[in-house]
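The file input20.pdb contains PDB, C-alpha atoms:
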```
ATOM      1  CA  MET A   1      98.160 259.618  58.255
ATOM      2  CA  ASP A   2     100.406 258.373  61.076
ATOM      3  CA  PRO A   3     101.812 254.885  60.682
ATOM      4  CA  LEU A   4      99.614 252.274  62.368
ATOM      5  CA  LYS A   5     100.786 249.912  65.071
ATOM      6  CA  ALA A   6      99.997 246.269  64.382
ATOM      7  CA  SER A   7      97.747 246.186  67.463
ATOM      8  CA  ASN A   8      95.625 248.939  65.992
ATOM      9  CA  ILE A   9      94.766 246.884  62.937
ATOM     10  CA  ASP A  10      92.289 244.888  65.021
ATOM     11  CA  GLU A  11      90.419 248.043  65.919
ATOM     12  CA  LEU A  12      90.643 249.236  62.363
ATOM     13  CA  ILE A  13      89.143 245.993  61.053
ATOM     14  CA  GLU A  14      86.309 246.115  63.570
ATOM     15  CA  ASN A  15      85.495 249.693  62.682
ATOM     16  CA  ALA A  16      85.748 249.024  58.958
ATOM     17  CA  ILE A  17      83.131 246.267  59.309
ATOM     18  CA  ARG A  18      80.944 248.453  61.542
ATOM     19  CA  CYS A  19      81.061 251.269  58.996
ATOM     20  CA  GLU A  20      80.335 249.083  55.990
ATOM     21  CA  PRO A  21      77.045 250.345  54.574
ATOM     22  CA  PHE A  22      74.084 247.976  54.284
ATOM     23  CA  ALA A  23      72.976 247.206  50.741
ATOM     24  CA  GLU A  24      69.403 248.148  49.948
ATOM     25  CA  PRO A  25      67.162 245.144  49.222
ATOM     26  CA  PRO A  26      66.451 244.916  45.473
ATOM     27  CA  VAL A  27      62.745 244.242  46.093
ATOM     28  CA  ASP A  28      60.210 245.027  48.798
ATOM     29  CA  PHE A  29      59.963 241.762  50.704
ATOM     30  CA  THR A  30      56.835 243.038  52.474
ATOM     31  CA  CYS A  31      54.846 242.998  49.210
ATOM     32  CA  LEU A  32      56.361 239.658  48.169
ATOM     33  CA  PHE A  33      55.431 238.152  51.522
ATOM     34  CA  LEU A  34      51.831 239.404  51.366
ATOM     35  CA  GLU A  35      51.477 238.153  47.774
ATOM     36  CA  GLN A  36      52.828 234.742  48.664
ATOM     37  CA  VAL A  37      50.744 234.158  51.801
ATOM     38  CA  SER A  38      47.521 235.325  50.150
ATOM     39  CA  GLN A  39      47.858 232.692  47.400
ATOM     40  CA  PRO A  40      46.189 229.350  48.211
ATOM     41  CA  GLN A  41      48.803 226.672  48.778
ATOM     42  CA  PRO A  42      48.573 223.899  46.131
ATOM     43  CA  GLN A  43      47.643 220.543  47.578
ATOM     44  CA  PRO A  44      50.198 217.792  47.072
ATOM     45  CA  PHE A  45      49.080 215.402  44.320
ATOM     46  CA  ARG A  46      47.900 212.132  45.791
ATOM     47  CA  ILE A  47      45.739 209.582  44.010
ATOM     48  CA  PHE A  48      45.181 207.421  47.083
ATOM     49  CA  SER A  49      44.980 208.479  50.697
ATOM     50  CA  TRP A  50      46.125 206.327  53.608
ATOM     51  CA  VAL A  51      42.443 205.561  54.357
ATOM     52  CA  ASP A  52      42.071 204.047  50.868
ATOM     53  CA  ILE A  53      45.198 201.961  51.299
ATOM     54  CA  LEU A  54      44.042 200.700  54.711
ATOM     55  CA  ALA A  55      40.517 199.859  53.495
ATOM     56  CA  SER A  56      41.754 198.088  50.363
ATOM     57  CA  SER A  57      44.345 196.132  52.382
ATOM     58  CA  LEU A  58      41.651 194.902  54.794
ATOM     59  CA  LEU A  59      39.401 193.949  51.879
ATOM     60  CA  ALA A  60      42.219 192.117  50.087
ATOM     61  CA  ILE A  61      43.195 190.209  53.251
ATOM     62  CA  THR A  62      39.529 189.209  53.854
ATOM     63  CA  PHE A  63      39.100 187.929  50.283
ATOM     64  CA  GLY A  64      42.440 186.192  50.451
ATOM     65  CA  ILE A  65      41.531 184.345  53.647
ATOM     66  CA  ALA A  66      38.063 183.444  52.290
ATOM     67  CA  LEU A  67      39.599 181.996  49.128
ATOM     68  CA  THR A  68      42.410 180.049  50.786
ATOM     69  CA  ILE A  69      40.393 178.509  53.656
ATOM     70  CA  PRO A  70      38.841 175.656  51.512
ATOM     71  CA  PHE A  71      42.324 174.568  50.420
ATOM     72  CA  LEU A  72      43.719 174.619  53.950
ATOM     73  CA  ILE A  73      41.052 172.465  55.622
ATOM     74  CA  PRO A  74      42.166 168.795  56.112
ATOM     75  CA  ASP A  75      40.022 166.145  54.335
ATOM     76  CA  GLN A  76      39.135 164.475  57.658
ATOM     77  CA  MET A  77      37.386 167.661  58.853
ATOM     78  CA  ILE A  78      35.190 168.182  55.784
ATOM     79  CA  PRO A  79      32.303 165.793  56.847
ATOM     80  CA  GLN A  80      32.287 167.335  60.339
ATOM     81  CA  LEU A  81      32.167 170.907  58.979
ATOM     82  CA  SER A  82      29.492 169.936  56.499
ATOM     83  CA  TRP A  83      27.378 168.553  59.337
ATOM     84  CA  ILE A  84      27.935 171.775  61.405
ATOM     85  CA  LEU A  85      26.831 173.909  58.452
ATOM     86  CA  GLN A  86      23.735 171.814  57.822
ATOM     87  CA  TYR A  87      22.749 171.855  61.492
ATOM     88  CA  SER A  88      23.321 175.641  61.628
ATOM     89  CA  LYS A  89      21.103 176.078  58.586
ATOM     90  CA  TYR A  90      18.402 173.961  60.217
ATOM     91  CA  LEU A  91      18.582 176.002  63.469
ATOM     92  CA  LEU A  92      18.573 179.287  61.540
ATOM     93  CA  MET A  93      15.482 178.341  59.555
ATOM     94  CA  LYS A  94      13.808 177.289  62.770
ATOM     95  CA  LEU A  95      14.703 180.519  64.604
ATOM     96  CA  VAL A  96      14.404 183.153  61.889
ATOM     97  CA  PHE A  97      10.652 183.619  62.140
ATOM     98  CA  THR A  98      10.472 183.760  65.940
ATOM     99  CA  LEU A  99       9.860 187.060  67.774
ATOM    100  CA  PRO A 100      13.243 187.234  69.629
ATOM    101  CA  THR A 101      15.138 186.805  66.347
ATOM    102  CA  VAL A 102      13.172 189.546  64.589
ATOM    103  CA  ILE A 103      13.811 191.890  67.545
ATOM    104  CA  THR A 104      17.518 190.979  67.602
ATOM    105  CA  ILE A 105      17.909 191.589  63.834
ATOM    106  CA  ALA A 106      16.124 194.964  64.102
ATOM    107  CA  ALA A 107      18.310 195.929  67.090
ATOM    108  CA  ALA A 108      21.437 194.865  65.182
ATOM    109  CA  VAL A 109      20.470 197.021  62.177
ATOM    110  CA  VAL A 110      19.814 200.053  64.417
ATOM    111  CA  PHE A 111      23.090 199.439  66.295
ATOM    112  CA  SER A 112      25.044 199.189  63.007
ATOM    113  CA  ILE A 113      23.603 202.463  61.706
ATOM    114  CA  GLY A 114      24.414 204.167  65.046
ATOM    115  CA  LEU A 115      27.947 202.780  65.046
ATOM    116  CA  PHE A 116      28.485 203.933  61.460
ATOM    117  CA  LEU A 117      27.288 207.480  62.285
ATOM    118  CA  LEU A 118      29.496 207.595  65.412
ATOM    119  CA  VAL A 119      32.615 206.495  63.506
ATOM    120  CA  ALA A 120      31.860 209.027  60.731
ATOM    121  CA  ARG A 121      31.452 211.822  63.303
ATOM    122  CA  LEU A 122      34.651 210.902  65.169
ATOM    123  CA  SER A 123      36.761 210.593  62.008
ATOM    124  CA  SER A 124      35.412 213.912  60.716
ATOM    125  CA  GLY A 125      36.421 215.560  64.028
ATOM    126  CA  PHE A 126      39.851 213.889  63.832
ATOM    127  CA  PHE A 127      40.530 215.138  60.286
ATOM    128  CA  SER A 128      39.382 218.699  61.004
ATOM    129  CA  ARG A 129      41.501 218.805  64.194
ATOM    130  CA  PHE A 130      44.692 217.609  62.532
ATOM    131  CA  GLY A 131      44.214 219.710  59.412
ATOM    132  CA  THR A 132      43.645 216.783  57.067
ATOM    133  CA  ARG A 133      41.324 217.767  54.294
ATOM    134  CA  GLN A 134      38.123 215.861  53.642
ATOM    135  CA  THR A 135      39.371 215.265  50.111
ATOM    136  CA  ASN A 136      41.807 212.783  51.631
ATOM    137  CA  LEU A 137      38.875 210.426  51.976
ATOM    138  CA  SER A 138      38.151 210.465  48.269
ATOM    139  CA  ILE A 139      39.849 208.024  45.938
ATOM    140  CA  PHE A 140      40.732 210.441  43.119
ATOM    141  CA  TYR A 141      41.246 214.223  43.291
TER     142      TYR A 141
ATOM    143  CA  MET B   1      61.958 251.396  73.696
ATOM    144  CA  GLN B   2      58.821 252.394  71.815
ATOM    145  CA  GLU B   3      60.101 250.471  68.794
ATOM    146  CA  ASN B   4      60.446 247.352  70.958
ATOM    147  CA  ASP B   5      56.881 247.755  72.255
ATOM    148  CA  GLU B   6      55.655 248.184  68.710
ATOM    149  CA  GLU B   7      57.555 245.073  67.612
ATOM    150  CA  GLU B   8      56.193 243.038  70.513
ATOM    151  CA  LYS B   9      52.671 244.135  69.587
ATOM    152  CA  HIS B  10      53.222 243.085  65.967
ATOM    153  CA  ILE B  11      54.658 239.742  67.081
ATOM    154  CA  ARG B  12      51.610 239.058  69.283
ATOM    155  CA  GLN B  13      49.259 239.990  66.424
ATOM    156  CA  ALA B  14      51.237 237.838  63.978
ATOM    157  CA  ILE B  15      51.051 234.863  66.361
ATOM    158  CA  ALA B  16      47.275 235.403  66.401
ATOM    159  CA  GLY B  17      47.342 235.082  62.580
ATOM    160  CA  ASP B  18      47.530 238.719  61.439
ATOM    161  CA  GLN B  19      49.433 238.726  58.115
ATOM    162  CA  HIS B  20      49.678 242.517  58.011
ATOM    163  CA  ALA B  21      51.286 242.653  61.447
ATOM    164  CA  PHE B  22      53.876 240.155  60.212
ATOM    165  CA  ALA B  23      54.351 242.270  57.069
ATOM    166  CA  GLU B  24      55.302 245.162  59.389
ATOM    167  CA  LEU B  25      57.957 242.927  60.944
ATOM    168  CA  VAL B  26      59.189 242.004  57.458
ATOM    169  CA  ASN B  27      59.451 245.690  56.645
ATOM    170  CA  THR B  28      61.532 246.340  59.782
ATOM    171  CA  HIS B  29      63.971 243.453  59.345
ATOM    172  CA  GLN B  30      64.227 242.933  55.563
ATOM    173  CA  ARG B  31      67.341 245.118  55.175
ATOM    174  CA  PHE B  32      69.267 243.261  57.882
ATOM    175  CA  LEU B  33      68.233 239.851  56.634
ATOM    176  CA  TYR B  34      69.027 240.596  53.014
ATOM    177  CA  ASN B  35      72.497 241.853  53.968
ATOM    178  CA  LEU B  36      73.204 238.788  56.081
ATOM    179  CA  ALA B  37      72.080 236.575  53.184
ATOM    180  CA  LEU B  38      74.445 238.494  50.900
ATOM    181  CA  ARG B  39      77.283 237.755  53.330
ATOM    182  CA  ALA B  40      76.404 234.072  53.351
ATOM    183  CA  VAL B  41      75.918 233.448  49.638
ATOM    184  CA  SER B  42      77.510 236.452  47.847
ATOM    185  CA  ASN B  43      75.038 236.234  44.964
ATOM    186  CA  PRO B  44      72.275 238.923  45.044
ATOM    187  CA  GLN B  45      69.677 236.676  43.384
ATOM    188  CA  ASP B  46      70.317 233.804  45.813
ATOM    189  CA  ALA B  47      70.321 236.261  48.723
ATOM    190  CA  GLN B  48      66.917 237.540  47.585
ATOM    191  CA  ASP B  49      65.493 234.010  47.325
ATOM    192  CA  ILE B  50      66.838 233.065  50.747
ATOM    193  CA  THR B  51      65.482 236.235  52.371
ATOM    194  CA  GLN B  52      62.054 235.643  50.865
ATOM    195  CA  GLU B  53      62.022 231.996  51.893
ATOM    196  CA  THR B  54      63.155 232.944  55.420
ATOM    197  CA  PHE B  55      60.159 235.248  55.881
ATOM    198  CA  ILE B  56      57.766 232.567  54.631
ATOM    199  CA  ARG B  57      59.287 229.960  56.965
ATOM    200  CA  ALA B  58      59.191 232.423  59.847
ATOM    201  CA  TRP B  59      55.502 233.142  59.155
ATOM    202  CA  ARG B  60      54.697 229.424  59.175
ATOM    203  CA  ALA B  61      56.645 228.940  62.417
ATOM    204  CA  ILE B  62      55.666 232.182  64.167
ATOM    205  CA  LYS B  63      53.539 230.283  66.705
ATOM    206  CA  THR B  64      56.706 228.573  67.959
ATOM    207  CA  PHE B  65      58.424 231.910  68.696
ATOM    208  CA  ARG B  66      58.774 232.074  72.486
ATOM    209  CA  GLY B  67      60.663 235.346  72.751
ATOM    210  CA  GLU B  68      63.659 233.725  74.484
ATOM    211  CA  ALA B  69      65.953 235.283  71.859
ATOM    212  CA  GLY B  70      65.303 238.549  70.031
ATOM    213  CA  PHE B  71      63.006 238.380  67.025
ATOM    214  CA  ARG B  72      65.815 239.336  64.642
ATOM    215  CA  THR B  73      68.101 236.667  66.126
ATOM    216  CA  TRP B  74      65.277 234.160  65.601
ATOM    217  CA  LEU B  75      64.974 235.240  61.938
ATOM    218  CA  TYR B  76      68.762 235.024  61.500
ATOM    219  CA  ARG B  77      68.686 231.474  62.860
ATOM    220  CA  ILE B  78      65.962 230.460  60.401
ATOM    221  CA  MET B  79      67.984 232.030  57.592
ATOM    222  CA  MET B  80      71.206 230.290  58.578
ATOM    223  CA  ASN B  81      69.463 226.903  58.830
ATOM    224  CA  LEU B  82      68.075 227.520  55.350
ATOM    225  CA  CYS B  83      71.558 228.428  54.074
ATOM    226  CA  TYR B  84      73.052 225.291  55.646
ATOM    227  CA  ASP B  85      70.326 223.197  53.993
ATOM    228  CA  ARG B  86      70.807 224.739  50.568
ATOM    229  CA  TYR B  87      74.568 225.106  50.625
ATOM    230  CA  PRO B  88      76.129 221.944  52.105
ATOM    231  CA  ARG B  89      79.606 223.460  51.650
ATOM    232  CA  LEU B  90      78.691 226.206  54.142
ATOM    233  CA  ASN B  91      77.547 223.534  56.580
ATOM    234  CA  ARG B  92      80.765 221.518  56.149
ATOM    235  CA  GLU B  93      82.891 224.626  56.723
ATOM    236  CA  ARG B  94      80.823 225.460  59.814
ATOM    237  CA  ASP B  95      81.508 221.981  61.229
ATOM    238  CA  GLN B  96      85.190 222.487  60.475
ATOM    239  CA  LEU B  97      85.162 225.631  62.668
ATOM    240  CA  SER B  98      84.369 223.536  65.754
ATOM    241  CA  ILE B  99      87.189 221.092  64.947
ATOM    242  CA  GLU B 100      89.684 223.942  64.617
ATOM    243  CA  ASN B 101      88.658 225.262  68.047
ATOM    244  CA  GLU B 102      91.740 225.616  70.258
ATOM    245  CA  ASP B 103      92.596 227.499  73.424
ATOM    246  CA  LEU B 104      93.576 230.846  72.069
ATOM    247  CA  GLU B 105      94.220 234.064  73.906
ATOM    248  CA  ILE B 106      91.610 236.350  72.470
ATOM    249  CA  PRO B 107      92.249 240.085  72.918
ATOM    250  CA  GLN B 108      89.468 242.431  74.042
ATOM    251  CA  GLU B 109      87.566 244.239  71.316
ATOM    252  CA  SER B 110      87.409 247.992  71.386
ATOM    253  CA  ARG B 111      85.840 250.806  69.479
ATOM    254  CA  LEU B 112      87.904 253.554  67.915
ATOM    255  CA  ALA B 113      86.452 256.891  67.035
ATOM    256  CA  GLN B 114      86.245 256.988  63.263
ATOM    257  CA  LYS B 115      88.757 259.351  61.725
ATOM    258  CA  SER B 116      88.287 260.815  58.313
ATOM    259  CA  GLU B 117      91.733 259.651  57.124
ATOM    260  CA  GLN B 118      90.836 256.083  57.961
ATOM    261  CA  ARG B 119      88.069 255.984  55.404
ATOM    262  CA  GLU B 120      90.226 254.808  52.522
ATOM    263  CA  LEU B 121      91.735 252.146  54.762
ATOM    264  CA  PHE B 122      88.204 251.040  55.641
ATOM    265  CA  THR B 123      87.381 250.644  51.968
ATOM    266  CA  LEU B 124      90.497 248.524  51.487
ATOM    267  CA  ILE B 125      89.603 246.329  54.478
ATOM    268  CA  GLN B 126      86.045 245.940  53.221
ATOM    269  CA  GLN B 127      87.376 244.773  49.856
ATOM    270  CA  HIS B 128      89.622 242.179  51.524
ATOM    271  CA  LEU B 129      86.710 241.020  53.665
ATOM    272  CA  GLN B 130      85.069 239.665  50.501
ATOM    273  CA  ALA B 131      88.019 237.295  50.013
ATOM    274  CA  LEU B 132      87.452 235.520  53.341
ATOM    275  CA  SER B 133      85.458 232.295  53.570
ATOM    276  CA  GLU B 134      81.672 232.628  53.998
ATOM    277  CA  ASN B 135      81.692 231.507  57.629
ATOM    278  CA  HIS B 136      84.486 233.916  58.571
ATOM    279  CA  ARG B 137      82.669 236.765  56.833
ATOM    280  CA  LEU B 138      79.446 235.781  58.559
ATOM    281  CA  VAL B 139      80.804 235.789  62.106
ATOM    282  CA  LEU B 140      82.574 239.111  61.580
ATOM    283  CA  SER B 141      79.458 240.637  60.073
ATOM    284  CA  LEU B 142      77.155 239.271  62.796
ATOM    285  CA  ARG B 143      79.492 240.545  65.503
ATOM    286  CA  PHE B 144      80.416 244.009  64.244
ATOM    287  CA  GLN B 145      77.866 244.975  61.604
ATOM    288  CA  HIS B 146      74.739 243.397  63.102
ATOM    289  CA  GLU B 147      76.078 243.884  66.661
ATOM    290  CA  LEU B 148      75.068 240.478  68.009
ATOM    291  CA  SER B 149      76.545 239.120  71.232
ATOM    292  CA  TYR B 150      78.723 235.981  71.175
ATOM    293  CA  GLU B 151      75.806 233.996  72.631
ATOM    294  CA  GLU B 152      73.437 235.247  69.942
ATOM    295  CA  ILE B 153      75.920 234.375  67.182
ATOM    296  CA  ALA B 154      76.304 230.910  68.720
ATOM    297  CA  THR B 155      72.502 230.516  68.602
ATOM    298  CA  VAL B 156      72.230 231.763  65.028
ATOM    299  CA  MET B 157      75.060 229.615  63.661
ATOM    300  CA  SER B 158      74.456 226.581  65.908
ATOM    301  CA  ILE B 159      78.054 226.494  67.173
ATOM    302  CA  PRO B 160      79.502 226.782  70.714
ATOM    303  CA  VAL B 161      80.275 230.245  72.130
ATOM    304  CA  GLY B 162      83.979 229.322  72.364
ATOM    305  CA  THR B 163      84.018 228.523  68.649
ATOM    306  CA  VAL B 164      82.422 231.898  67.893
ATOM    307  CA  LYS B 165      85.238 233.685  69.766
ATOM    308  CA  THR B 166      88.026 231.693  68.124
ATOM    309  CA  THR B 167      86.423 232.023  64.681
ATOM    310  CA  ILE B 168      86.254 235.806  65.041
ATOM    311  CA  PHE B 169      89.886 235.806  66.166
ATOM    312  CA  ARG B 170      90.983 233.608  63.259
ATOM    313  CA  ALA B 171      88.959 235.616  60.728
ATOM    314  CA  LYS B 172      90.644 238.801  61.912
ATOM    315  CA  GLU B 173      94.045 237.124  61.745
ATOM    316  CA  LYS B 174      93.394 236.027  58.157
ATOM    317  CA  LEU B 175      92.251 239.511  57.264
ATOM    318  CA  LYS B 176      95.365 240.984  58.890
ATOM    319  CA  GLU B 177      97.579 238.600  56.926
ATOM    320  CA  ARG B 178      95.956 239.717  53.702
ATOM    321  CA  LEU B 179      96.267 243.374  54.676
ATOM    322  CA  ARG B 180      99.946 243.012  55.569
ATOM    323  CA  SER B 181     100.625 241.678  52.092
ATOM    324  CA  GLU B 182      98.930 244.733  50.596
ATOM    325  CA  LYS B 183     101.437 247.326  49.348
ATOM    326  CA  GLU B 184      99.172 250.237  50.223
ATOM    327  CA  MET B 185      99.130 249.049  53.832
ATOM    328  CA  GLU B 186     102.898 248.782  54.145
ATOM    329  CA  ALA B 187     103.202 252.529  54.357
ATOM    330  CA  TRP B 188     100.772 252.683  57.261
ATOM    331  CA  ILE B 189     101.830 249.700  59.340
ATOM    332  CA  HIS B 190     105.053 249.475  61.349
TER     333      HIS B 190
END
```
For this file, write the structure as structure tokens.
Amino acid sequence: MDPLKASNIDELIENAIRCEPFAEPPVDFTCLFLEQVSQPQPQPFRIFSWVDILASSLLAITFGIALTIPFLIPDQMIPQLSWILQYSKYLLMKLVFTLPTVITIAAAVVFSIGLFLLVARLSSGFFSRFGTRQTNLSIFY
Amino acid sequence: MQENDEEEKHIRQAIAGDQHAFAELVNTHQRFLYNLALRAVSNPQDAQDITQETFIRAWRAIKTFRGEAGFRTWLYRIMMNLCYDRYPRLNRERDQLSIENEDLEIPQESRLAQKSEQRELFTLIQQHLQALSENHRLVLSLRFQHELSYEEIATVMSIPVGTVKTTIFRAKEKLKERLRSEKEMEAWIH
């Protein structure tokens, strides 16, 4: 072979890389891919979902407030509050058996059931749209 | 041309959720991807894992494929991101390439007709190629073996086009240095 000029080494390198044979893959990635995607993906282990945490936080805050309120009220206000409660009880007893009250209570019950169903429907739509499984609503799974 | 049409059809079907259409794409590109992974990590087992993981990631992200780059370039990019995640050293070296970027006069590349007597020289060069750093091997392989443009290499490796050019130049210089020190080469080079 004729001696090479230094400038030709560039071309030689490029051609050497171009001519380097490709190694054959040791496995058929097509089969591996199909096997892997056909297997159900394991769900990440979670004891509590964010819904549980939110609900329990609200509950804890409510109980906390209910328990601390009696200790926070000043002594001067206690007789006044006691009078308000007694008067409210008197008014309630007076009103509870009247027709408007019965209608209002019935309407409130119907409205609560409707509101509950609407929230359930909307949250179900939200979870299915964003791919969150229904199991996220359960406490343990 | 027909191959491209076929690939486009498979891509559309895969975007629509057809696993078998995507498997056809895997079949077409697996050889190229596996070889690029081998260049990046050198270990056949790691290269196999990375190739497999790349196809799974690509399947999960296929809906985001817009066709702005070629499908293979898109797969290469996913693979390189995976390599950078798994091998921080590769990522650090890649960042170093941009720092080393200087204004260099880069000669034009050319193709020589392959001569039979050059074959043994080719083998020698290919052996020395293994001694280069992963990033240098990668750019040379992407440019000459996988025949990607500078822009495509820049996309795949997430580096500027200028850095791609200088890295190729530097990689060739390093390879030349190694070859010049080789006794077998002395007889052939002036």
| request: Pick out the chain A residues within 9 Å of chain B. Count only C-alpha atoms. Give them as a ChimeraX atom specification. | output: /A:1-6,9-34,36-38
Any chance you could work out the residue set of the PyMOL selection byres ((chain B and resi 8) around 12) here, as a count of residues only?
24
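The coordinates place CA of Gly64 in chain A at 28.7 Å from CA of Leu117 in chain A.
Surrounding residues of (79.7, 229.8, 67.7) at most 8 Å away are B:Tyr150, B:Glu151, B:Ile153, B:Ala154, B:Thr155, B:Met157, B:Ser158, B:Ile159, B:Pro160, B:Val161, B:Gly162, B:Thr163, B:Val164, B:Lys165, B:Thr167 (based on only C-alpha atoms).
Put simply, CA of Met79 in chain B is 5.4 Å away from CA of Thr54 in chain B.
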Kindly provide, as JSON, the centre and edge lengths (Å, one decimal) of an axis-aligned box around all atoms of range 15-20 of chain B given in the file, with 8 Å on each side.
```
{"center_x": 49.2, "center_y": 238.7, "center_z": 62.2, "size_x": 19.8, "size_y": 23.7, "size_z": 24.4}
```
Would you write out, as a compact mmCIF listing (two decimals) with C-alpha atoms, in the frame of the given file, every residue that the PyMOL selection byres ((chain B and resi 133) around 10) captures in this file?
```txt
# COMPACT_ATOMS: atom_id res chain seq x y z
CA ARG B 39 77.28 237.76 53.33
CA ALA B 40 76.40 234.07 53.35
CA LEU B 90 78.69 226.21 54.14
CA GLU B 93 82.89 224.63 56.72
CA LEU B 129 86.71 241.02 53.66
CA GLN B 130 85.07 239.66 50.50
CA ALA B 131 88.02 237.30 50.01
CA LEU B 132 87.45 235.52 53.34
CA GLU B 134 81.67 232.63 54.00
CA ASN B 135 81.69 231.51 57.63
CA HIS B 136 84.49 233.92 58.57
CA ARG B 137 82.67 236.76 56.83
CA LEU B 138 79.45 235.78 58.56
CA ALA B 171 88.96 235.62 60.73
CA LYS B 174 93.39 236.03 58.16
```
Can you list, as a PDB file with C-alpha atoms, keeping the file's coordinate frame, every protein, DNA or RNA residue that comes within 9 Å of Ile78 in chain B when you count only C-alpha atoms, leaving out same-chain residues fewer than 2 positions away?
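Here's the written file selection-v5.pdb:
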```pdb
ATOM      1  CA  THR B  54      63.155 232.944  55.420  1.00  0.00           C
ATOM      2  CA  PHE B  55      60.159 235.248  55.881  1.00  0.00           C
ATOM      3  CA  ARG B  57      59.287 229.960  56.965  1.00  0.00           C
ATOM      4  CA  ALA B  58      59.191 232.423  59.847  1.00  0.00           C
ATOM      5  CA  THR B  73      68.101 236.667  66.126  1.00  0.00           C
ATOM      6  CA  TRP B  74      65.277 234.160  65.601  1.00  0.00           C
ATOM      7  CA  LEU B  75      64.974 235.240  61.938  1.00  0.00           C
ATOM      8  CA  TYR B  76      68.762 235.024  61.500  1.00  0.00           C
ATOM      9  CA  MET B  80      71.206 230.290  58.578  1.00  0.00           C
ATOM     10  CA  ASN B  81      69.463 226.903  58.830  1.00  0.00           C
ATOM     11  CA  LEU B  82      68.075 227.520  55.350  1.00  0.00           C
ATOM     12  CA  CYS B  83      71.558 228.428  54.074  1.00  0.00           C
ATOM     13  CA  VAL B 156      72.230 231.763  65.028  1.00  0.00           C
TER      14      VAL B 156
END
```
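One distance worth recording is that between CA of Ser123 in chain A and CA of Thr64 in chain B, which is 27.5 Å.
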